[in-house]
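Working notes, beginning with the structure itself.
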Amino acid sequence: PELRVALTATRAEGEAVVRLRYRQVVDDGWARADRFPDGLERDEWDADALQIGAWSGTDLVGAMRIVLPAPGRRLPVEVGFGVDVEPAGRVVEAGRLVIDPDFRGDPAHRAWGGLFARAWLELRARGFRVLAGAASPEMVARLRGVGLPFEVLGPERPHWGLPRLPVRLDPAESTPTWFAGGLESSGRWSRSPS
């Protein structure tokens with residue numbers, strides 16, 4: 001309840017998102033700071049992407065990017081992993097999920113969950129229901145453990161400094177276990193889902 005999770009609405013909010021992304025990318029060693037001389041992590045997909053932020057008061061504590069499909073343009077995961085995600089033109093990529101290091105731990109779970117929830121509402125409002133992205137093998141196992149049917153689309157490869165897998169998620173293909181009380185009773189999210 002203390003977090004506001006919404007699409008960025010101003011240029012300043014959008015800049016705060018790409019500045020937080022820069023901080024995580026550089027601090028975690030995913031890329032060198034000299035790749036981003038302006039202190040902002042952005043690429044060619046950002047101009048048309050939906051940027052979602054989680055704010056605690058005026059502090060940005062987390063962010064996520066949603067890349068919508070566009071005619072004649074591949075999704076970042078398709079380019080980065082050399083895969084095609086079906087159905088073509090009907091898949092949205094969720095990525096660039098970052099949490100401010102000062103807010104990791106329990107608040108991060110709320111921000112992380114809030115970002116994914118807002119992303120889902122935004123993509124459903126636009127008529128989409130299938131997600132793609134890149135995730136660590138550990139994250140894929142965790143999310144499968146709560147009943148989300150992540151489909152691995154190709155082999156693991158280094159991506160943003162870590163081994164990651166290209167994945168696809170169509171939630172209509174399963175019922176998450178938390179609907180039956182599985183999440184709370186299992187205690188699966190007792191540690192940070194980094």
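Numbering starts fresh at 1 for the residues of each chain in the structure tokens, the chains themselves are lettered A, B, ... in the order given, and ligands are numbered from 1 as they appear.
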Excluding same-chain residues fewer than 2 positions from Arg42 of chain A, what lies within 9 Å of it counting only C-alpha atoms, as JSON, numbers by chain?
-> {"A": [18, 19, 21, 22, 36, 40, 44, 45, 46, 47]}
Segment 156-172 of chain A: which residues within 8 Å, counting only C-alpha atoms, same-chain residues fewer than 2 positions away excluded, as a PyMOL selection string?
-> chain A and resi 25+29-31+77+80-81+83+85+129-137+148-154+174-175
Residues of the last selection are to be written out with N, CA, C and O atoms, as a JSON list (two decimals), in the first residue's frame.
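Result went into selection02.json, see below:
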```json
[["chain", "number", "residue", "atom", "x", "y", "z"],
["A", 25, "VAL", "N", 22.88, -2.02, -13.74],
["A", 25, "VAL", "CA", 23.74, -2.62, -14.77],
["A", 25, "VAL", "C", 25.21, -2.43, -14.41],
["A", 25, "VAL", "O", 26.01, -3.36, -14.50],
["A", 29, "GLY", "N", 27.86, -5.19, -12.43],
["A", 29, "GLY", "CA", 28.89, -5.65, -13.35],
["A", 29, "GLY", "C", 28.35, -6.23, -14.65],
["A", 29, "GLY", "O", 29.06, -6.95, -15.34],
["A", 30, "TRP", "N", 27.13, -5.89, -15.01],
["A", 30, "TRP", "CA", 26.56, -6.43, -16.25],
["A", 30, "TRP", "C", 27.15, -5.73, -17.48],
["A", 30, "TRP", "O", 27.18, -6.29, -18.56],
["A", 31, "ALA", "N", 27.58, -4.49, -17.29],
["A", 31, "ALA", "CA", 28.22, -3.73, -18.36],
["A", 31, "ALA", "C", 29.07, -2.64, -17.71],
["A", 31, "ALA", "O", 28.83, -2.26, -16.57],
["A", 77, "VAL", "N", 14.46, -9.95, -26.95],
["A", 77, "VAL", "CA", 14.86, -11.33, -26.67],
["A", 77, "VAL", "C", 15.06, -12.11, -27.96],
["A", 77, "VAL", "O", 15.92, -12.98, -28.03],
["A", 80, "GLY", "N", 18.49, -10.87, -29.19],
["A", 80, "GLY", "CA", 19.58, -11.26, -28.30],
["A", 80, "GLY", "C", 19.85, -12.75, -28.25],
["A", 80, "GLY", "O", 20.99, -13.17, -28.01],
["A", 81, "PHE", "N", 18.81, -13.56, -28.49],
["A", 81, "PHE", "CA", 18.98, -15.01, -28.38],
["A", 81, "PHE", "C", 18.79, -15.74, -29.71],
["A", 81, "PHE", "O", 18.89, -16.96, -29.76],
["A", 83, "VAL", "N", 16.02, -16.23, -31.46],
["A", 83, "VAL", "CA", 14.83, -17.08, -31.44],
["A", 83, "VAL", "C", 13.65, -16.30, -32.02],
["A", 83, "VAL", "O", 13.69, -15.07, -32.14],
["A", 85, "VAL", "N", 9.56, -15.82, -31.25],
["A", 85, "VAL", "CA", 8.57, -16.07, -30.23],
["A", 85, "VAL", "C", 7.18, -16.01, -30.87],
["A", 85, "VAL", "O", 6.83, -15.00, -31.48],
["A", 129, "ARG", "N", -1.69, -11.24, -24.26],
["A", 129, "ARG", "CA", -1.73, -12.17, -23.13],
["A", 129, "ARG", "C", -0.50, -13.08, -23.05],
["A", 129, "ARG", "O", -0.41, -13.92, -22.17],
["A", 130, "VAL", "N", 0.45, -12.92, -23.95],
["A", 130, "VAL", "CA", 1.65, -13.75, -23.95],
["A", 130, "VAL", "C", 2.87, -12.86, -23.74],
["A", 130, "VAL", "O", 3.01, -11.83, -24.38],
["A", 131, "LEU", "N", 3.73, -13.29, -22.81],
["A", 131, "LEU", "CA", 4.95, -12.56, -22.48],
["A", 131, "LEU", "C", 6.18, -13.33, -22.95],
["A", 131, "LEU", "O", 6.17, -14.56, -22.98],
["A", 132, "ALA", "N", 7.24, -12.60, -23.23],
["A", 132, "ALA", "CA", 8.54, -13.20, -23.50],
["A", 132, "ALA", "C", 9.58, -12.41, -22.73],
["A", 132, "ALA", "O", 9.31, -11.29, -22.27],
["A", 133, "GLY", "N", 10.75, -12.98, -22.58],
["A", 133, "GLY", "CA", 11.84, -12.28, -21.91],
["A", 133, "GLY", "C", 13.02, -13.19, -21.73],
["A", 133, "GLY", "O", 13.10, -14.28, -22.30],
["A", 134, "ALA", "N", 13.97, -12.73, -20.93],
["A", 134, "ALA", "CA", 15.15, -13.51, -20.59],
["A", 134, "ALA", "C", 15.20, -13.62, -19.08],
["A", 134, "ALA", "O", 14.97, -12.64, -18.38],
["A", 135, "ALA", "N", 15.50, -14.81, -18.59],
["A", 135, "ALA", "CA", 15.52, -15.03, -17.14],
["A", 135, "ALA", "C", 16.62, -16.02, -16.79],
["A", 135, "ALA", "O", 16.98, -16.88, -17.59],
["A", 136, "SER", "N", 17.11, -15.90, -15.56],
["A", 136, "SER", "CA", 18.12, -16.86, -15.10],
["A", 136, "SER", "C", 17.46, -18.22, -14.93],
["A", 136, "SER", "O", 16.25, -18.31, -14.68],
["A", 137, "PRO", "N", 18.24, -19.29, -15.06],
["A", 137, "PRO", "CA", 17.66, -20.62, -14.83],
["A", 137, "PRO", "C", 17.02, -20.74, -13.44],
["A", 137, "PRO", "O", 15.98, -21.39, -13.29],
["A", 148, "LEU", "N", 3.73, -21.10, -12.79],
["A", 148, "LEU", "CA", 3.75, -20.33, -14.03],
["A", 148, "LEU", "C", 4.50, -21.13, -15.09],
["A", 148, "LEU", "O", 5.66, -21.47, -14.92],
["A", 149, "PRO", "N", 3.83, -21.43, -16.20],
["A", 149, "PRO", "CA", 4.40, -22.34, -17.20],
["A", 149, "PRO", "C", 5.39, -21.67, -18.15],
["A", 149, "PRO", "O", 5.11, -21.46, -19.32],
["A", 150, "PHE", "N", 6.57, -21.31, -17.63],
["A", 150, "PHE", "CA", 7.58, -20.72, -18.49],
["A", 150, "PHE", "C", 8.10, -21.76, -19.46],
["A", 150, "PHE", "O", 8.54, -22.83, -19.07],
["A", 151, "GLU", "N", 8.06, -21.42, -20.73],
["A", 151, "GLU", "CA", 8.60, -22.28, -21.79],
["A", 151, "GLU", "C", 9.97, -21.74, -22.16],
["A", 151, "GLU", "O", 10.12, -20.57, -22.49],
["A", 152, "VAL", "N", 10.98, -22.59, -22.09],
["A", 152, "VAL", "CA", 12.33, -22.20, -22.48],
["A", 152, "VAL", "C", 12.44, -22.34, -23.99],
["A", 152, "VAL", "O", 12.14, -23.39, -24.55],
["A", 153, "LEU", "N", 12.87, -21.26, -24.66],
["A", 153, "LEU", "CA", 12.87, -21.21, -26.12],
["A", 153, "LEU", "C", 14.22, -21.51, -26.76],
["A", 153, "LEU", "O", 14.29, -21.62, -27.99],
["A", 154, "GLY", "N", 15.26, -21.61, -25.96],
["A", 154, "GLY", "CA", 16.57, -21.84, -26.53],
["A", 154, "GLY", "C", 17.59, -22.07, -25.43],
["A", 154, "GLY", "O", 17.26, -22.03, -24.25],
["A", 174, "SER", "N", -2.01, -22.58, -17.71],
["A", 174, "SER", "CA", -1.97, -23.26, -16.42],
["A", 174, "SER", "C", -2.69, -22.46, -15.35],
["A", 174, "SER", "O", -3.11, -21.34, -15.58],
["A", 175, "THR", "N", -2.77, -23.04, -14.17],
["A", 175, "THR", "CA", -3.31, -22.37, -13.00],
["A", 175, "THR", "C", -2.19, -22.27, -11.97],
["A", 175, "THR", "O", -1.73, -23.28, -11.46]]
```
Secondary structure check, alpha helix (DSSP H) residues of segment 9-163 of chain A, as a PyMOL selection string = chain A and resi 11-27+76-81+106-125+137-145
All residues 9 Å or closer to segment 48-58 of chain A, only C-alpha atoms, same chain fewer than 2 positions away omitted, as a ChimeraX atom specification = /A:2-8,13-14,16-17,44-46,60-68,99,111-112,114-115,118-119,122
